[in-house]
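For reference, structure.cif is printed below; it contains mmCIF, C-alpha atoms and all ligand atoms.
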```cif
data_structure
loop_
_atom_site.group_PDB
_atom_site.id
_atom_site.type_symbol
_atom_site.label_atom_id
_atom_site.label_comp_id
_atom_site.auth_asym_id
_atom_site.auth_seq_id
_atom_site.Cartn_x
_atom_site.Cartn_y
_atom_site.Cartn_z
ATOM 1 C CA MET A 39 26.570 7.493 23.004
ATOM 2 C CA SER A 40 27.977 6.651 19.584
ATOM 3 C CA THR A 41 25.777 4.956 16.984
ATOM 4 C CA GLN A 42 28.051 1.896 17.054
ATOM 5 C CA THR A 43 27.677 1.511 20.818
ATOM 6 C CA LYS A 44 23.952 1.952 20.493
ATOM 7 C CA ILE A 45 23.738 -0.704 17.779
ATOM 8 C CA LYS A 46 25.767 -3.097 19.918
ATOM 9 C CA GLU A 47 23.393 -2.520 22.778
ATOM 10 C CA ILE A 48 20.336 -3.131 20.582
ATOM 11 C CA GLU A 49 21.856 -6.370 19.250
ATOM 12 C CA ASP A 50 22.665 -7.684 22.699
ATOM 13 C CA ASP A 51 19.197 -6.803 23.809
ATOM 14 C CA PHE A 52 17.642 -8.576 20.836
ATOM 15 C CA LEU A 53 19.767 -11.720 21.018
ATOM 16 C CA ASP A 54 19.783 -12.067 24.781
ATOM 17 C CA PRO A 55 16.890 -10.190 26.285
ATOM 18 C CA ASP A 56 17.266 -10.427 30.047
ATOM 19 C CA GLU A 57 13.911 -8.837 30.567
ATOM 20 C CA PRO A 58 10.839 -9.965 28.683
ATOM 21 C CA GLN A 59 10.193 -7.823 25.626
ATOM 22 C CA PRO A 60 6.680 -6.573 24.968
ATOM 23 C CA GLN A 61 6.265 -8.681 21.846
ATOM 24 C CA PRO A 62 3.923 -11.496 20.867
ATOM 25 C CA ALA A 63 5.668 -14.773 21.539
ATOM 26 C CA PRO A 64 6.224 -16.654 18.300
ATOM 27 C CA THR A 65 4.735 -20.107 18.298
ATOM 28 C CA GLY A 66 5.402 -23.391 16.533
ATOM 29 C CA ALA A 67 7.830 -23.460 13.661
ATOM 30 C CA LEU A 68 8.561 -19.770 13.914
ATOM 31 C CA ALA A 69 9.643 -19.987 17.552
ATOM 32 C CA LYS A 70 11.978 -22.834 16.715
ATOM 33 C CA ARG A 71 13.419 -20.986 13.749
ATOM 34 C CA GLU A 72 13.891 -17.804 15.744
ATOM 35 C CA GLN A 73 15.895 -19.600 18.390
ATOM 36 C CA THR A 74 18.101 -21.341 15.880
ATOM 37 C CA ALA A 75 18.240 -18.445 13.463
ATOM 38 C CA PRO A 76 21.843 -17.798 12.548
ATOM 39 C CA VAL A 77 22.939 -14.297 13.319
ATOM 40 C CA PRO A 78 23.260 -12.615 9.932
ATOM 41 C CA GLN A 79 26.835 -12.604 8.699
ATOM 42 C CA SER A 80 28.763 -10.274 6.480
ATOM 43 C CA LEU A 81 29.563 -11.392 2.923
ATOM 44 C CA ALA A 82 33.223 -11.874 3.856
ATOM 45 C CA GLU A 83 32.297 -14.097 6.777
ATOM 46 C CA LEU A 84 29.972 -16.123 4.572
ATOM 47 C CA ALA A 85 32.609 -16.540 1.868
ATOM 48 C CA ALA A 86 35.066 -17.876 4.442
ATOM 49 C CA MET A 87 32.532 -20.534 5.407
ATOM 50 C CA LYS A 88 32.488 -21.934 1.837
ATOM 51 C CA GLY A 89 30.056 -24.880 1.603
ATOM 52 C CA GLU A 90 28.210 -24.008 4.750
ATOM 53 C CA ALA A 91 27.619 -20.507 3.492
ATOM 54 C CA LEU A 92 24.875 -21.514 1.082
ATOM 55 C CA GLU A 93 23.021 -23.265 3.859
ATOM 56 C CA VAL A 94 23.357 -20.214 6.048
ATOM 57 C CA VAL A 95 22.046 -17.980 3.288
ATOM 58 C CA GLN A 96 19.149 -20.329 2.589
ATOM 59 C CA ALA A 97 18.295 -20.526 6.268
ATOM 60 C CA ARG A 98 18.329 -16.761 6.462
ATOM 61 C CA ILE A 99 16.015 -16.428 3.508
ATOM 62 C CA GLN A 100 13.653 -18.919 5.094
ATOM 63 C CA VAL A 101 13.684 -17.085 8.413
ATOM 64 C CA LEU A 102 12.996 -13.769 6.719
ATOM 65 C CA GLU A 103 10.192 -15.203 4.576
ATOM 66 C CA THR A 104 8.535 -16.851 7.553
ATOM 67 C CA LEU A 105 8.904 -13.731 9.618
ATOM 68 C CA ARG A 106 7.508 -11.543 6.850
ATOM 69 C CA ARG A 107 4.423 -13.695 6.531
ATOM 70 C CA ALA A 108 3.957 -13.779 10.323
ATOM 71 C CA ALA A 109 4.386 -10.012 10.481
ATOM 72 C CA ILE A 110 1.767 -9.379 7.799
ATOM 73 C CA LYS A 111 -0.541 -11.822 9.549
ATOM 74 C CA THR A 112 -0.425 -9.750 12.749
ATOM 75 C CA THR A 113 -1.537 -6.648 10.859
ATOM 76 C CA ASN A 114 -5.148 -5.795 10.111
ATOM 77 C CA PRO A 115 -6.586 -4.830 6.719
ATOM 78 C CA GLU A 116 -7.290 -1.361 8.149
ATOM 79 C CA ASP A 117 -3.544 -0.923 8.681
ATOM 80 C CA TRP A 118 -2.948 -1.036 4.936
ATOM 81 C CA LEU A 119 -3.458 1.530 2.245
ATOM 82 C CA LEU A 120 -3.766 0.072 -1.243
ATOM 83 C CA PHE A 121 -2.402 1.764 -4.316
ATOM 84 C CA ARG A 122 -3.073 0.807 -7.870
ATOM 85 C CA ASP A 123 -0.502 1.361 -10.551
ATOM 86 C CA LYS A 124 -2.702 2.784 -13.306
ATOM 87 C CA ARG A 125 -0.553 1.558 -16.172
ATOM 88 C CA GLU A 126 0.044 -1.995 -15.046
ATOM 89 C CA GLY A 127 -3.011 -2.392 -12.857
ATOM 90 C CA ARG A 128 -0.824 -3.885 -10.122
ATOM 91 C CA VAL A 129 -2.144 -3.348 -6.594
ATOM 92 C CA VAL A 130 0.309 -2.921 -3.722
ATOM 93 C CA GLY A 131 -0.217 -2.270 -0.029
ATOM 94 C CA TYR A 132 1.523 0.353 2.082
ATOM 95 C CA LEU A 133 1.678 -0.423 5.787
ATOM 96 C CA GLN A 134 0.485 2.655 7.642
ATOM 97 C CA ASP A 135 2.116 3.977 10.816
ATOM 98 C CA CYS A 136 -0.435 2.255 13.078
ATOM 99 C CA GLY A 137 0.396 -1.130 11.539
ATOM 100 C CA CYS A 138 4.143 -0.598 11.798
ATOM 101 C CA GLU A 139 3.868 -0.648 15.548
ATOM 102 C CA ARG A 140 2.539 -4.205 15.400
ATOM 103 C CA VAL A 141 5.486 -5.619 13.478
ATOM 104 C CA ARG A 142 8.387 -3.659 14.976
ATOM 105 C CA ASP A 143 9.279 -6.057 17.770
ATOM 106 C CA LEU A 144 9.033 -9.112 15.543
ATOM 107 C CA TYR A 145 11.891 -7.713 13.482
ATOM 108 C CA GLY A 146 13.880 -6.494 16.457
ATOM 109 C CA ILE A 147 13.657 -2.951 15.157
ATOM 110 C CA ARG A 148 14.767 -0.229 17.529
ATOM 111 C CA ILE A 149 14.550 3.517 17.051
ATOM 112 C CA PHE A 150 17.163 5.792 18.570
ATOM 113 C CA ASP A 151 18.822 9.199 18.310
ATOM 114 C CA VAL A 152 15.409 10.779 18.056
ATOM 115 C CA GLN A 153 15.717 14.541 17.895
ATOM 116 C CA GLU A 154 13.426 17.247 19.159
ATOM 117 C CA PRO A 155 10.499 17.812 16.791
ATOM 118 C CA ILE A 156 10.729 21.006 14.770
ATOM 119 C CA LYS A 157 7.643 23.083 14.058
ATOM 120 C CA LYS A 158 7.517 24.924 10.742
ATOM 121 C CA GLU A 159 4.770 27.466 10.353
ATOM 122 C CA SER A 160 3.255 28.982 7.229
ATOM 123 C CA SER A 161 2.020 32.546 7.012
ATOM 124 C CA ASP A 162 -1.559 31.226 6.841
ATOM 125 C CA GLY A 163 -1.292 29.693 10.317
ATOM 126 C CA THR A 164 -0.934 26.092 9.174
ATOM 127 C CA TYR A 165 2.121 24.175 10.323
ATOM 128 C CA VAL A 166 4.029 20.941 10.064
ATOM 129 C CA TYR A 167 6.023 19.040 12.624
ATOM 130 C CA ILE A 168 9.194 17.392 11.430
ATOM 131 C CA ILE A 169 11.204 14.958 13.479
ATOM 132 C CA ARG A 170 14.382 13.024 12.705
ATOM 133 C CA GLY A 171 15.803 9.823 14.081
ATOM 134 C CA SER A 172 17.681 6.616 13.261
ATOM 135 C CA GLY A 173 16.722 2.970 13.239
ATOM 136 C CA TYR A 174 18.339 -0.422 13.401
ATOM 137 C CA CYS A 175 17.089 -3.922 12.700
ATOM 138 C CA ALA A 176 18.835 -6.472 14.910
ATOM 139 C CA LEU A 177 17.674 -9.316 12.681
ATOM 140 C CA THR A 178 19.084 -8.081 9.394
ATOM 141 C CA ARG A 179 21.813 -5.885 10.927
ATOM 142 C CA LYS A 180 20.639 -3.065 8.730
ATOM 143 C CA ALA A 181 20.742 0.527 9.971
ATOM 144 C CA VAL A 182 18.943 3.548 8.597
ATOM 145 C CA PRO A 183 20.479 6.749 9.895
ATOM 146 C CA ASP A 184 18.824 10.147 10.009
ATOM 147 C CA ILE A 185 15.323 9.428 8.725
ATOM 148 C CA GLU A 186 12.653 12.105 8.634
ATOM 149 C CA GLY A 187 9.048 11.871 9.732
ATOM 150 C CA GLY A 188 6.390 14.537 9.737
ATOM 151 C CA ARG A 189 2.756 15.528 9.854
ATOM 152 C CA SER A 190 0.739 18.589 8.974
ATOM 153 C CA SER A 191 -2.004 20.528 10.748
ATOM 154 C CA GLN A 192 -3.957 20.125 7.510
ATOM 155 C CA ASP A 193 -4.047 16.326 7.670
ATOM 156 C CA ASP A 194 -7.501 14.739 7.739
ATOM 157 C CA PHE A 195 -7.087 13.102 11.134
ATOM 158 C CA VAL A 196 -6.891 16.445 12.999
ATOM 159 C CA GLU A 197 -9.608 18.155 10.990
ATOM 160 C CA HIS A 198 -11.993 18.170 13.970
ATOM 161 C CA LEU A 199 -9.420 19.510 16.467
ATOM 162 C CA GLU A 200 -8.211 22.997 17.277
ATOM 163 C CA GLY A 201 -5.515 24.903 19.117
ATOM 164 C CA LEU A 202 -3.177 23.119 21.473
ATOM 165 C CA GLN A 203 -5.012 19.840 21.205
ATOM 166 C CA LYS A 204 -4.519 19.820 17.462
ATOM 167 C CA GLU A 205 -0.872 20.664 17.915
ATOM 168 C CA LEU A 206 -0.382 17.821 20.372
ATOM 169 C CA TYR A 207 -1.897 15.307 17.945
ATOM 170 C CA VAL A 208 0.135 16.545 14.994
ATOM 171 C CA ARG A 209 3.330 16.341 17.020
ATOM 172 C CA LYS A 210 2.555 12.840 18.260
ATOM 173 C CA ALA A 211 1.647 11.727 14.751
ATOM 174 C CA ALA A 212 4.905 13.143 13.420
ATOM 175 C CA ARG A 213 6.768 10.848 15.803
ATOM 176 C CA ALA A 214 4.580 7.890 14.798
ATOM 177 C CA ASN A 215 5.388 8.728 11.173
ATOM 178 C CA LEU A 216 9.117 8.689 11.901
ATOM 179 C CA ASP A 217 8.783 5.277 13.574
ATOM 180 C CA GLY A 218 6.655 4.138 10.625
ATOM 181 C CA ASN A 219 9.147 5.316 8.021
ATOM 182 C CA ILE A 220 11.983 3.516 9.788
ATOM 183 C CA THR A 221 9.994 0.319 10.214
ATOM 184 C CA ARG A 222 8.720 0.236 6.614
ATOM 185 C CA GLU A 223 12.239 0.766 5.348
ATOM 186 C CA LEU A 224 13.874 -1.859 7.557
ATOM 187 C CA ALA A 225 11.122 -4.464 7.252
ATOM 188 C CA GLY A 226 10.497 -3.837 3.542
ATOM 189 C CA LEU A 227 6.793 -3.199 3.992
ATOM 190 C CA ASN A 228 6.570 -0.108 1.827
ATOM 191 C CA SER A 229 5.014 -1.793 -1.124
ATOM 192 C CA VAL A 230 3.654 -5.294 -0.612
ATOM 193 C CA PRO A 231 1.837 -6.977 -3.511
ATOM 194 C CA GLN A 232 -1.860 -7.595 -2.919
ATOM 195 C CA GLU A 233 -1.345 -11.328 -3.500
ATOM 196 C CA GLU A 234 1.142 -11.510 -0.651
ATOM 197 C CA LEU A 235 -1.313 -9.895 1.753
ATOM 198 C CA GLU A 236 -4.039 -12.314 0.687
ATOM 199 C CA GLN A 237 -1.691 -15.268 1.116
ATOM 200 C CA ALA A 238 -0.706 -14.226 4.652
ATOM 201 C CA TRP A 239 -4.349 -13.720 5.699
ATOM 202 C CA LYS A 240 -5.538 -17.020 4.264
ATOM 203 C CA GLY A 241 -7.688 -18.864 6.772
ATOM 204 C CA THR A 242 -8.348 -15.704 8.825
ATOM 205 C CA SER A 243 -11.257 -13.290 8.644
ATOM 206 C CA LYS A 244 -8.918 -10.593 7.294
ATOM 207 C CA LYS A 245 -9.829 -9.613 3.751
ATOM 208 C CA ILE A 246 -8.136 -7.426 1.181
ATOM 209 C CA GLU A 247 -11.516 -5.747 0.578
ATOM 210 C CA HIS A 248 -11.279 -4.206 4.042
ATOM 211 C CA CYS A 249 -8.055 -2.356 3.271
ATOM 212 C CA ARG A 250 -8.256 1.369 2.711
ATOM 213 C CA LYS A 251 -7.959 2.397 -0.892
ATOM 214 C CA GLY A 252 -5.698 5.222 -1.978
ATOM 215 C CA LYS A 253 -4.282 6.510 -5.223
ATOM 216 C CA GLY A 254 -5.341 4.709 -8.365
ATOM 217 C CA PHE A 255 -8.810 3.811 -7.137
ATOM 218 C CA GLY A 256 -10.623 6.971 -8.230
ATOM 219 C CA SER A 257 -12.217 9.550 -5.931
ATOM 220 C CA SER A 258 -13.390 8.604 -2.450
ATOM 221 C CA VAL A 259 -16.999 8.633 -3.675
ATOM 222 C CA GLU A 260 -16.126 6.202 -6.442
ATOM 223 C CA ARG A 261 -14.065 4.065 -4.087
ATOM 224 C CA ASP A 262 -16.968 3.517 -1.723
ATOM 225 C CA GLY A 263 -18.922 1.520 -4.255
ATOM 226 C CA ALA A 264 -15.995 0.089 -6.118
ATOM 227 C CA ASP A 265 -15.350 -3.596 -6.011
ATOM 228 C CA LEU A 266 -11.598 -4.050 -6.253
ATOM 229 C CA GLU A 267 -11.663 -6.749 -8.889
ATOM 230 C CA VAL A 268 -14.586 -5.873 -11.090
ATOM 231 C CA MET A 269 -14.509 -2.096 -11.267
ATOM 232 C CA ASP A 270 -10.914 -2.421 -12.520
ATOM 233 C CA GLY A 271 -10.094 0.241 -15.090
ATOM 234 C CA ILE A 272 -13.614 1.669 -15.230
ATOM 235 C CA ASN A 273 -14.359 5.147 -13.912
ATOM 236 C CA GLN A 274 -17.661 6.347 -12.579
ATOM 237 C CA SER A 275 -17.817 8.728 -15.535
ATOM 238 C CA ASP A 276 -17.566 5.788 -17.970
ATOM 239 C CA LEU A 277 -20.884 4.306 -16.848
ATOM 240 C CA PRO A 278 -23.580 4.471 -19.547
ATOM 241 C CA ILE A 279 -26.934 6.195 -19.398
ATOM 242 C CA CYS A 280 -29.973 3.942 -19.188
ATOM 243 C CA PRO A 281 -31.010 2.882 -22.727
ATOM 244 C CA LYS A 282 -34.619 2.664 -21.551
ATOM 245 C CA CYS A 283 -35.155 6.027 -19.874
ATOM 246 C CA GLN A 284 -31.841 7.937 -20.341
ATOM 247 C CA ALA A 285 -31.297 8.313 -16.587
ATOM 248 C CA PRO A 286 -27.798 7.763 -15.155
ATOM 249 C CA THR A 287 -26.865 4.250 -14.102
ATOM 250 C CA LYS A 288 -24.966 3.019 -11.077
ATOM 251 C CA TYR A 289 -22.596 0.185 -10.347
ATOM 252 C CA VAL A 290 -23.810 -2.463 -7.898
ATOM 253 C CA PRO A 291 -21.044 -4.767 -6.631
ATOM 254 C CA ALA A 292 -21.444 -8.531 -6.514
ATOM 255 C CA GLY A 293 -23.060 -9.917 -3.387
ATOM 256 C CA VAL A 294 -25.535 -12.328 -1.861
ATOM 257 C CA SER A 295 -29.288 -11.771 -2.037
ATOM 258 C CA LYS A 296 -31.593 -11.991 1.004
ATOM 259 C CA LYS A 297 -32.496 -15.500 -0.109
ATOM 260 C CA GLY A 298 -28.821 -16.445 0.007
ATOM 261 C CA LYS A 299 -28.303 -16.480 -3.743
ATOM 262 C CA ARG A 300 -25.035 -15.107 -5.049
ATOM 263 C CA TYR A 301 -25.229 -12.524 -7.799
ATOM 264 C CA GLN A 302 -22.627 -10.886 -10.013
ATOM 265 C CA ALA A 303 -21.908 -7.183 -10.191
ATOM 266 C CA PHE A 304 -24.399 -5.318 -12.365
ATOM 267 C CA LEU A 305 -25.402 -1.902 -13.643
ATOM 268 C CA ALA A 306 -28.764 -0.544 -12.570
ATOM 269 C CA CYS A 307 -30.790 2.444 -13.677
ATOM 270 C CA GLU A 308 -30.928 5.137 -10.991
ATOM 271 C CA GLU A 309 -34.525 6.002 -11.882
ATOM 272 C CA ARG A 310 -36.738 4.379 -9.241
ATOM 273 C CA GLU A 311 -39.528 3.436 -11.586
ATOM 274 C CA CYS A 312 -37.218 1.967 -14.218
ATOM 275 C CA ASN A 313 -36.089 -1.619 -13.780
ATOM 276 C CA TRP A 314 -33.250 -1.718 -16.340
ATOM 277 C CA THR A 315 -30.186 -3.687 -15.258
ATOM 278 C CA MET A 316 -27.254 -5.235 -17.043
ATOM 279 C CA ASN A 317 -24.484 -7.634 -16.101
ATOM 280 C CA PHE A 318 -21.449 -5.463 -15.397
ATOM 281 C CA ALA A 319 -18.778 -7.816 -16.734
ATOM 282 C CA LYS A 320 -20.616 -8.104 -20.050
ATOM 283 C CA TRP A 321 -21.086 -4.359 -20.357
ATOM 284 C CA LYS A 322 -17.451 -3.746 -19.393
ATOM 285 C CA LYS A 323 -16.157 -6.124 -22.070
ATOM 286 C CA ASP A 324 -18.170 -4.336 -24.756
ATOM 287 C CA PHE A 325 -17.166 -0.953 -23.438
ATOM 288 C CA LEU A 326 -13.442 -1.716 -23.388
ATOM 289 C CA GLU A 327 -13.567 -3.222 -26.883
ATOM 290 C CA LYS A 328 -15.279 -0.135 -28.266
ATOM 291 C CA LYS A 329 -12.870 2.130 -26.431
ATOM 292 C CA GLU A 330 -9.846 0.334 -27.805
ATOM 293 C CA LYS A 331 -11.259 0.482 -31.341
ATOM 294 C CA LYS A 332 -11.837 4.197 -30.979
ATOM 295 C CA GLU A 333 -8.302 4.768 -29.744
ATOM 296 C CA GLN A 334 -6.907 2.795 -32.678
ATOM 297 C CA GLU A 335 -8.880 4.914 -35.114
ATOM 298 C CA GLN A 336 -7.649 8.112 -33.527
ATOM 299 C CA LYS A 337 -4.009 7.113 -33.956
ATOM 300 C CA PRO A 338 -2.630 8.516 -37.221
ATOM 301 C CA PRO A 339 -1.778 5.654 -39.585
ATOM 302 C CA GLU A 340 2.000 5.304 -39.789
ATOM 303 C CA GLU A 341 2.237 5.364 -43.597
ATOM 304 C CA ALA A 342 0.532 8.734 -43.657
ATOM 305 C CA GLN A 343 3.382 10.324 -41.743
ATOM 306 C CA SER A 344 5.247 13.059 -43.437
ATOM 307 C CA PRO A 345 8.530 11.843 -44.959
ATOM 308 C CA ASN A 346 10.352 14.753 -43.372
ATOM 309 C CA LYS A 347 10.029 14.294 -39.616
ATOM 310 C CA ASP A 348 10.948 17.910 -38.923
ATOM 311 C CA GLU A 349 7.948 19.130 -40.816
ATOM 312 C CA ALA A 350 4.868 20.055 -38.841
ATOM 313 C CA PRO A 351 2.335 17.206 -38.662
ATOM 314 C CA PRO A 352 -0.557 17.502 -41.138
ATOM 315 C CA LEU A 353 -3.521 19.438 -39.872
ATOM 316 C CA PRO A 354 -6.559 17.382 -38.938
ATOM 317 C CA MET A 355 -8.811 16.770 -41.940
ATOM 318 C CA GLU A 356 -11.861 18.888 -42.220
ATOM 319 C CA GLU A 357 -15.308 17.428 -42.616
ATOM 320 C CA PRO A 358 -15.959 16.666 -46.300
ATOM 321 C CA PRO A 359 -18.184 19.441 -47.707
ATOM 322 C CA PHE A 360 -21.124 17.126 -48.566
HETATM 323 ZN ZN ZN A 401 -33.928 3.604 -16.823
#
```
Represent the supplied structure as structure tokens.
Amino acid sequence: MSTQTKIKEIEDDFLDPDEPQPQPAPTGALAKREQTAPVPQSLAELAAMKGEALEVVQARIQVLETLRRAAIKTTNPEDWLLFRDKREGRVVGYLQDCGCERVRDLYGIRIFDVQEPIKKESSDGTYVYIIRGSGYCALTRKAVPDIEGGRSSQDDFVEHLEGLQKELYVRKAARANLDGNITRELAGLNSVPQEELEQAWKGTSKKIEHCRKGKGFGSSVERDGADLEVMDGINQSDLPICPKCQAPTKYVPAGVSKKGKRYQAFLACEERECNWTMNFAKWKKDFLEKKEKKEQEQKPPEEAQSPNKDEAPPLPMEEPPF
């Protein structure tokens, strides 16, 4: 069957499903909007509509925004992997394969032309499964042809498995990854700002703190104790030694005491007998100020630069001999 025929079939199915689709029924405003949602038009069609076109475009934007929020709301924090951009400190969420399954039907996303998975083996016995397929979103009329998905026998999730069982899981996960890649691409859920996740989960028990943390959050050991907001920009290795007994200190995230009193994040001496603690925010402010000052001092002053830029930079000054 040609791709065009397939797309036509998916559209018909989405717009006029004669059998109930396995998808959560939208309620309230969303249900109403979905029924009256204009079928997306091409630019030429919109231009021909003149005045009405703007309304159509606005309605489409509204439908997509509402749908996006509803889709995120159906996902769980565990479905998301957070990444922090080290330079800008911006945190974005990546919807993992397991979460993609939850939102696929809401968008009318169908996956087709799925090819046989291909196994590629290394000389050391490890292998990957690669699988290709295409996707189409009936809501936006966007198609993504020939997308690749894949998984490796070295992935964490199959660490405890062996032999054929491992192979089965890797192959299944490769397919889930293909479906995930298509869904993320078509639904635009590759990189969702933290604020948008929080907004969609408002009023539910779903919290950004329960998302998995990936790149930009330090090692897994550091991540375990790291409070998303407060630990910001501070590495485990930056923590001071205890001024009282010189033992290492640890970061204790903010919380609520047994008596129900809220407390802020603090640093505590790791030595059992020592009772030194310090407010983390206060320490962090001092630390960052000192760090910045140090970095400024290390920068060569601009006036001192050699007039001829091709010349080698001056050697670092030696200690004065007194
Ligand atoms: Zn101490």
request  = Using only C-alpha atoms and all ligand atoms, determine which residues fall within 12 Å of ligand ZN 401 (chain A), then list them as a PyMOL selection string.
outcome  = chain A and resi 278-288+305-316
Could you save the residues just selected, with C-alpha atoms, as a PDB file, in the coordinates of the input?
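Once written, part_5.pdb looks like this:
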```
ATOM      1  CA  PRO A 278     -23.580   4.471 -19.547  1.00  0.00           C
ATOM      2  CA  ILE A 279     -26.934   6.195 -19.398  1.00  0.00           C
ATOM      3  CA  CYS A 280     -29.973   3.942 -19.188  1.00  0.00           C
ATOM      4  CA  PRO A 281     -31.010   2.882 -22.727  1.00  0.00           C
ATOM      5  CA  LYS A 282     -34.619   2.664 -21.551  1.00  0.00           C
ATOM      6  CA  CYS A 283     -35.155   6.027 -19.874  1.00  0.00           C
ATOM      7  CA  GLN A 284     -31.841   7.937 -20.341  1.00  0.00           C
ATOM      8  CA  ALA A 285     -31.297   8.313 -16.587  1.00  0.00           C
ATOM      9  CA  PRO A 286     -27.798   7.763 -15.155  1.00  0.00           C
ATOM     10  CA  THR A 287     -26.865   4.250 -14.102  1.00  0.00           C
ATOM     11  CA  LYS A 288     -24.966   3.019 -11.077  1.00  0.00           C
ATOM     12  CA  LEU A 305     -25.402  -1.902 -13.643  1.00  0.00           C
ATOM     13  CA  ALA A 306     -28.764  -0.544 -12.570  1.00  0.00           C
ATOM     14  CA  CYS A 307     -30.790   2.444 -13.677  1.00  0.00           C
ATOM     15  CA  GLU A 308     -30.928   5.137 -10.991  1.00  0.00           C
ATOM     16  CA  GLU A 309     -34.525   6.002 -11.882  1.00  0.00           C
ATOM     17  CA  ARG A 310     -36.738   4.379  -9.241  1.00  0.00           C
ATOM     18  CA  GLU A 311     -39.528   3.436 -11.586  1.00  0.00           C
ATOM     19  CA  CYS A 312     -37.218   1.967 -14.218  1.00  0.00           C
ATOM     20  CA  ASN A 313     -36.089  -1.619 -13.780  1.00  0.00           C
ATOM     21  CA  TRP A 314     -33.250  -1.718 -16.340  1.00  0.00           C
ATOM     22  CA  THR A 315     -30.186  -3.687 -15.258  1.00  0.00           C
ATOM     23  CA  MET A 316     -27.254  -5.235 -17.043  1.00  0.00           C
TER      24      MET A 316
END
```
key: For atom CA of A:Glu197 and atom CA of A:Asn114, the interatomic separation in Å (one decimal)   =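 That distance, rounded to one decimal, is 24.4 Å.
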task = Please indicate the distance in Å from atom CA of A:Pro115 to atom CA of A:Arg213, rounded to one decimal place.
result =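 Calculated distance between atom CA of A:Pro115 and atom CA of A:Arg213 is 22.5 Å.
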query = Hey, what's within 10 Å of A:His248 if we count only C-alpha atoms and toss same-chain stuff fewer than 4 positions away? As a list in words, please?
reply =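 Using only C-alpha atoms, the neighbours found are Asn114, Pro115, Glu116, Asp117, Trp118, Leu119 and Lys244 of chain A.
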May I have the residues from that selection written out with C-alpha atoms, as a tab-separated table (two decimals), in the coordinates of the input?
```
chain	number	residue	atom	x	y	z
A	114	ASN	CA	-5.15	-5.80	10.11
A	115	PRO	CA	-6.59	-4.83	6.72
A	116	GLU	CA	-7.29	-1.36	8.15
A	117	ASP	CA	-3.54	-0.92	8.68
A	118	TRP	CA	-2.95	-1.04	4.94
A	119	LEU	CA	-3.46	1.53	2.24
A	244	LYS	CA	-8.92	-10.59	7.29
```
Mind telling me what the PyMOL selection byres (((chain A and resi 145) around 12) and not hetatm) catches here, as a compact mmCIF listing (two decimals) with C-alpha atoms, in the frame of the given file?
```txt
# COMPACT_ATOMS: atom_id res chain seq x y z
CA ILE A 48 20.34 -3.13 20.58
CA GLU A 49 21.86 -6.37 19.25
CA PHE A 52 17.64 -8.58 20.84
CA LEU A 53 19.77 -11.72 21.02
CA GLN A 61 6.26 -8.68 21.85
CA PRO A 62 3.92 -11.50 20.87
CA PRO A 64 6.22 -16.65 18.30
CA GLU A 72 13.89 -17.80 15.74
CA VAL A 101 13.68 -17.08 8.41
CA LEU A 102 13.00 -13.77 6.72
CA GLU A 103 10.19 -15.20 4.58
CA THR A 104 8.54 -16.85 7.55
CA LEU A 105 8.90 -13.73 9.62
CA ARG A 106 7.51 -11.54 6.85
CA ARG A 107 4.42 -13.70 6.53
CA ALA A 108 3.96 -13.78 10.32
CA ALA A 109 4.39 -10.01 10.48
CA ILE A 110 1.77 -9.38 7.80
CA CYS A 138 4.14 -0.60 11.80
CA GLU A 139 3.87 -0.65 15.55
CA ARG A 140 2.54 -4.20 15.40
CA VAL A 141 5.49 -5.62 13.48
CA ARG A 142 8.39 -3.66 14.98
CA ASP A 143 9.28 -6.06 17.77
CA LEU A 144 9.03 -9.11 15.54
CA GLY A 146 13.88 -6.49 16.46
CA ILE A 147 13.66 -2.95 15.16
CA ARG A 148 14.77 -0.23 17.53
CA GLY A 173 16.72 2.97 13.24
CA TYR A 174 18.34 -0.42 13.40
CA CYS A 175 17.09 -3.92 12.70
CA ALA A 176 18.84 -6.47 14.91
CA LEU A 177 17.67 -9.32 12.68
CA THR A 178 19.08 -8.08 9.39
CA ARG A 179 21.81 -5.88 10.93
CA LYS A 180 20.64 -3.06 8.73
CA ILE A 220 11.98 3.52 9.79
CA THR A 221 9.99 0.32 10.21
CA ARG A 222 8.72 0.24 6.61
CA GLU A 223 12.24 0.77 5.35
CA LEU A 224 13.87 -1.86 7.56
CA ALA A 225 11.12 -4.46 7.25
CA GLY A 226 10.50 -3.84 3.54
CA LEU A 227 6.79 -3.20 3.99
```
inquiry  = What does the structure give for the distance between atom CA of A:Ala319 and atom CA of A:Gln274, in Å to one decimal?
reply    =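 Separation of atom CA of A:Ala319 and atom CA of A:Gln274: 14.8 Å.
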ask   = Counting only C-alpha atoms, which of A:Gly241, A:Pro155, A:Gly163, A:Gly131 gets nearest to A:Ser229?
value =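 The closest residue to A:Ser229 is A:Gly131.
Residue nearest A:Asp135, chosen from A:Val290, A:Leu235, A:Ala214, A:Ile272 and counting only C-alpha atoms: A:Ala214.
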request  = Specify as an MDAnalysis selection string each residue included when the PyMOL selection byres (((chain A and resi 205) around 12) and not hetatm) is applied to this file.
outcome  = chainID A and resid 155 157:159 163:167 189:193 195:197 199:204 206:212
ask   = Looking at A:Arg122, A:Lys88, A:Arg300, A:Lys44, which one is nearest to A:Lys251, with distances taken over only C-alpha atoms?
value =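 So, comparing all the options, the nearest one is A:Arg122.
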ask   = Which of these, A:Asn317, A:Gly137, A:Ser275, A:Arg128, has the shortest distance to A:Tyr301 once you count only C-alpha atoms?
value = A:Asn317
Taking all atoms of stretch 284-290 of chain A that the file lists and extending 4 Å past them on each side, where is the centre of the axis-aligned box and how long are its edges? Answer in Å to one decimal, as JSON.
```
{"center_x": -27.2, "center_y": 2.9, "center_z": -14.1, "size_x": 17.2, "size_y": 18.8, "size_z": 20.4}
```
